[in-house]
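Let me begin by presenting the structure, written as structure tokens, before commenting on it.
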There are 2 protein chains.
Amino acid sequence: MAVNPDSHIPIYEQIVEHVCGLIAAGVYRADEALPSVRGMALQLRVNPNTIQRAYQELERGGFIRTRKGLGVFVSTQGATSAQKKTENAILERFVEGIDLGRKTKLGPARIQTVFRRAMRSPRRPADPNDKRTET
Amino acid sequence: MAVNPDSHIPIYEQIVEHVCGLIAAGVYRADEALPSVRGMALQLRVNPNTIQRAYQELERGGFIRTRKGLGVFVSTQGATSAQKKTENAILERFVEGIDLGRKTKLGPARIQTVFRRAMRSPRRPADPNDKRTET
DNA sequence: CATACTGTATTAGTGCTCTAGTACAGTAGG
DNA sequence: CCTACTGTACTAGAGCACTAATACAGTATG
């Protein structure tokens, strides 16, 4: 994963969504340790404080548990919570798009066509408006 | 339309998308005048400069033409351009959502289910539209 | 020309994000 | 105990995006 500093979405939020996705996908499992604050900061080339803020939000969301001196661990219900959150995020994106379509008087059929096209597109191509980036 | 100042999307960009949608929908037709910078500012309760910036971007995108002392007008190809742009915006939202789903290992069927649910939801403004009822 | 409307430019201020440095607190292991 | 690793807290500052106020410039009309 690489952070996109040009996005209007703050870096710490990009990280939150990224890590949340990894937990939801089962890359990090319950009770498994995530990279340390400093380690992750090195890895993503951002300031440790930025990571800390992301981890704070993840803890507030109940996805992880942090323990001083030990590290950061996926919480027991982390995976299911993350999955729920991610599904909400997906729903939100879809509703946003559909809303746009309705506003410009596109019919449902047309909107669905666009969706099918989106399903076919393999992966997000590099975009100036991109909100998240890949590893 | 109500602007959402709490969004991480800048107000001027919200306005750009909004006006673009109106043009695409045919609410404003070719050569028709849009509300003046100051008029729109009053209407949306934002600073005229914010409107100006939105109009600047719309002009750069070729959707409108501005003339000192006269006003702002929908360009000849404004509608078709706006439709194209809007469809791209929709596609982008969909791809974003789908991408999220893929990252969390959701199958296509599951993703489509979420989409259907989104299609059913009548309207979901990500912002409280009725947050303040000023004059 | 005077007025009143248009859009434009410039400058300033506010708030948020991010970075940086430093210090503190808990745990593990030699 | 000492060291080295964990997370945490705090302060200060730079940079940037957004907003705001004000002054400038062009057009129409009487």
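Every chain in the structure tokens takes a letter, A first, then B, and so on in the order presented; its residues are numbered from 1, and the ligands are numbered from 1 following the presented order.
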(request) Assign secondary structure with DSSP using the backbone only, and return the residues of segment 29-61 of chain A in helix (DSSP H, G or I) as a list in words. (result)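 Output for segment 29-61 of chain A, helix (DSSP H, G or I) only: Val37, Arg38, Gly39, Met40, Ala41, Leu42, Gln43, Leu44, Pro48, Asn49, Thr50, Ile51, Gln52, Arg53, Ala54, Tyr55, Gln56, Glu57, Leu58, Glu59 and Arg60 of chain A.
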Restricting it to C-alpha atoms, dump the selection as a compact mmCIF listing (two decimals), in the first residue's frame.
# COMPACT_ATOMS: atom_id res chain seq x y z
CA VAL A 37 3.34 2.24 15.28
CA ARG A 38 6.93 2.94 14.40
CA GLY A 39 7.22 -0.02 12.08
CA MET A 40 4.16 0.93 10.12
CA ALA A 41 5.39 4.51 9.97
CA LEU A 42 8.61 3.35 8.37
CA GLN A 43 6.76 1.05 6.02
CA LEU A 44 4.37 3.74 4.80
CA PRO A 48 4.58 7.80 13.58
CA ASN A 49 2.02 10.23 14.91
CA THR A 50 -0.03 9.76 11.80
CA ILE A 51 -0.07 6.02 12.37
CA GLN A 52 -0.94 6.54 15.97
CA ARG A 53 -3.93 8.60 14.99
CA ALA A 54 -5.08 5.94 12.57
CA TYR A 55 -4.70 3.26 15.25
CA GLN A 56 -6.60 5.44 17.68
CA GLU A 57 -9.53 5.59 15.33
CA LEU A 58 -9.36 1.90 14.69
CA GLU A 59 -9.45 1.25 18.39
CA ARG A 60 -12.36 3.63 18.85
What are the closest atom pairs, with distances in Å to one decimal, for all residues of chain D lying within 10 Å of chain B? Consider only C-alpha atoms (C1' of nucleotides), order rows by chain and residue number, and present the result as a Markdown table.
| residue | atom | partner | partner_atom | distance |
| --- | --- | --- | --- | --- |
| D:DA17 | C1' | B:Pro10 | CA | 8.3 |
| D:DC18 | C1' | B:Pro10 | CA | 7.4 |
| D:DT19 | C1' | B:Asn47 | CA | 6.9 |
| D:DA20 | C1' | B:Asn47 | CA | 6.8 |
| D:DA21 | C1' | B:Asn47 | CA | 9.8 |
| D:DA25 | C1' | B:Lys68 | CA | 8.1 |
| D:DG26 | C1' | B:Gly69 | CA | 5.1 |
| D:DT27 | C1' | B:Gly69 | CA | 4.6 |
| D:DA28 | C1' | B:Gly69 | CA | 8.4 |
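In this comparison, chain B was overlaid on chain A using all C-alpha atoms paired by position, and the resulting RMSD is 3.2 Å.
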With chain A as the partner and 8 Å as the cut-off, tabulate the residues of chain B that qualify, each row holding the nearest pair of atoms and their distance in Å to one decimal, using only C-alpha atoms, sorted by chain and rising number, as a tab-separated table.
residue	atom	partner	partner_atom	distance
B:His8	CA	A:Ile9	CA	6.6
B:Ile9	CA	A:His8	CA	6.9
B:Gly21	CA	A:Thr104	CA	5.4
B:Leu22	CA	A:Thr104	CA	6.6
B:Ala24	CA	A:Thr104	CA	5.7
B:Ala25	CA	A:Thr104	CA	4.2
B:Gly26	CA	A:Thr104	CA	8.0
B:Gln83	CA	A:Thr104	CA	7.6
B:Thr86	CA	A:Leu100	CA	7.3
B:Glu87	CA	A:Gly101	CA	7.4
B:Ala89	CA	A:Gly97	CA	7.2
B:Ile90	CA	A:Gly97	CA	4.4
B:Leu91	CA	A:Ala118	CA	6.1
B:Glu92	CA	A:Ala118	CA	7.9
B:Arg93	CA	A:Arg93	CA	5.3
B:Phe94	CA	A:Phe94	CA	5.6
B:Val95	CA	A:Ala118	CA	5.2
B:Glu96	CA	A:Arg93	CA	7.0
B:Gly97	CA	A:Ile90	CA	4.4
B:Ile98	CA	A:Met119	CA	6.9
B:Asp99	CA	A:Arg123	CA	6.9
B:Leu100	CA	A:Ile90	CA	6.6
B:Gly101	CA	A:Ile90	CA	6.8
B:Lys103	CA	A:Gly21	CA	6.5
B:Thr104	CA	A:Ala25	CA	4.0
B:Lys105	CA	A:Ala25	CA	5.6
B:Val114	CA	A:Leu91	CA	6.2
B:Phe115	CA	A:Phe94	CA	6.3
B:Arg117	CA	A:Leu91	CA	7.9
B:Ala118	CA	A:Val95	CA	5.3
B:Met119	CA	A:Ile98	CA	6.9
B:Ser121	CA	A:Val95	CA	7.7
B:Arg123	CA	A:Asp99	CA	6.9
B:Arg124	CA	A:Val95	CA	6.6
B:Pro125	CA	A:Glu96	CA	7.9
B:Ala126	CA	A:Glu92	CA	7.8
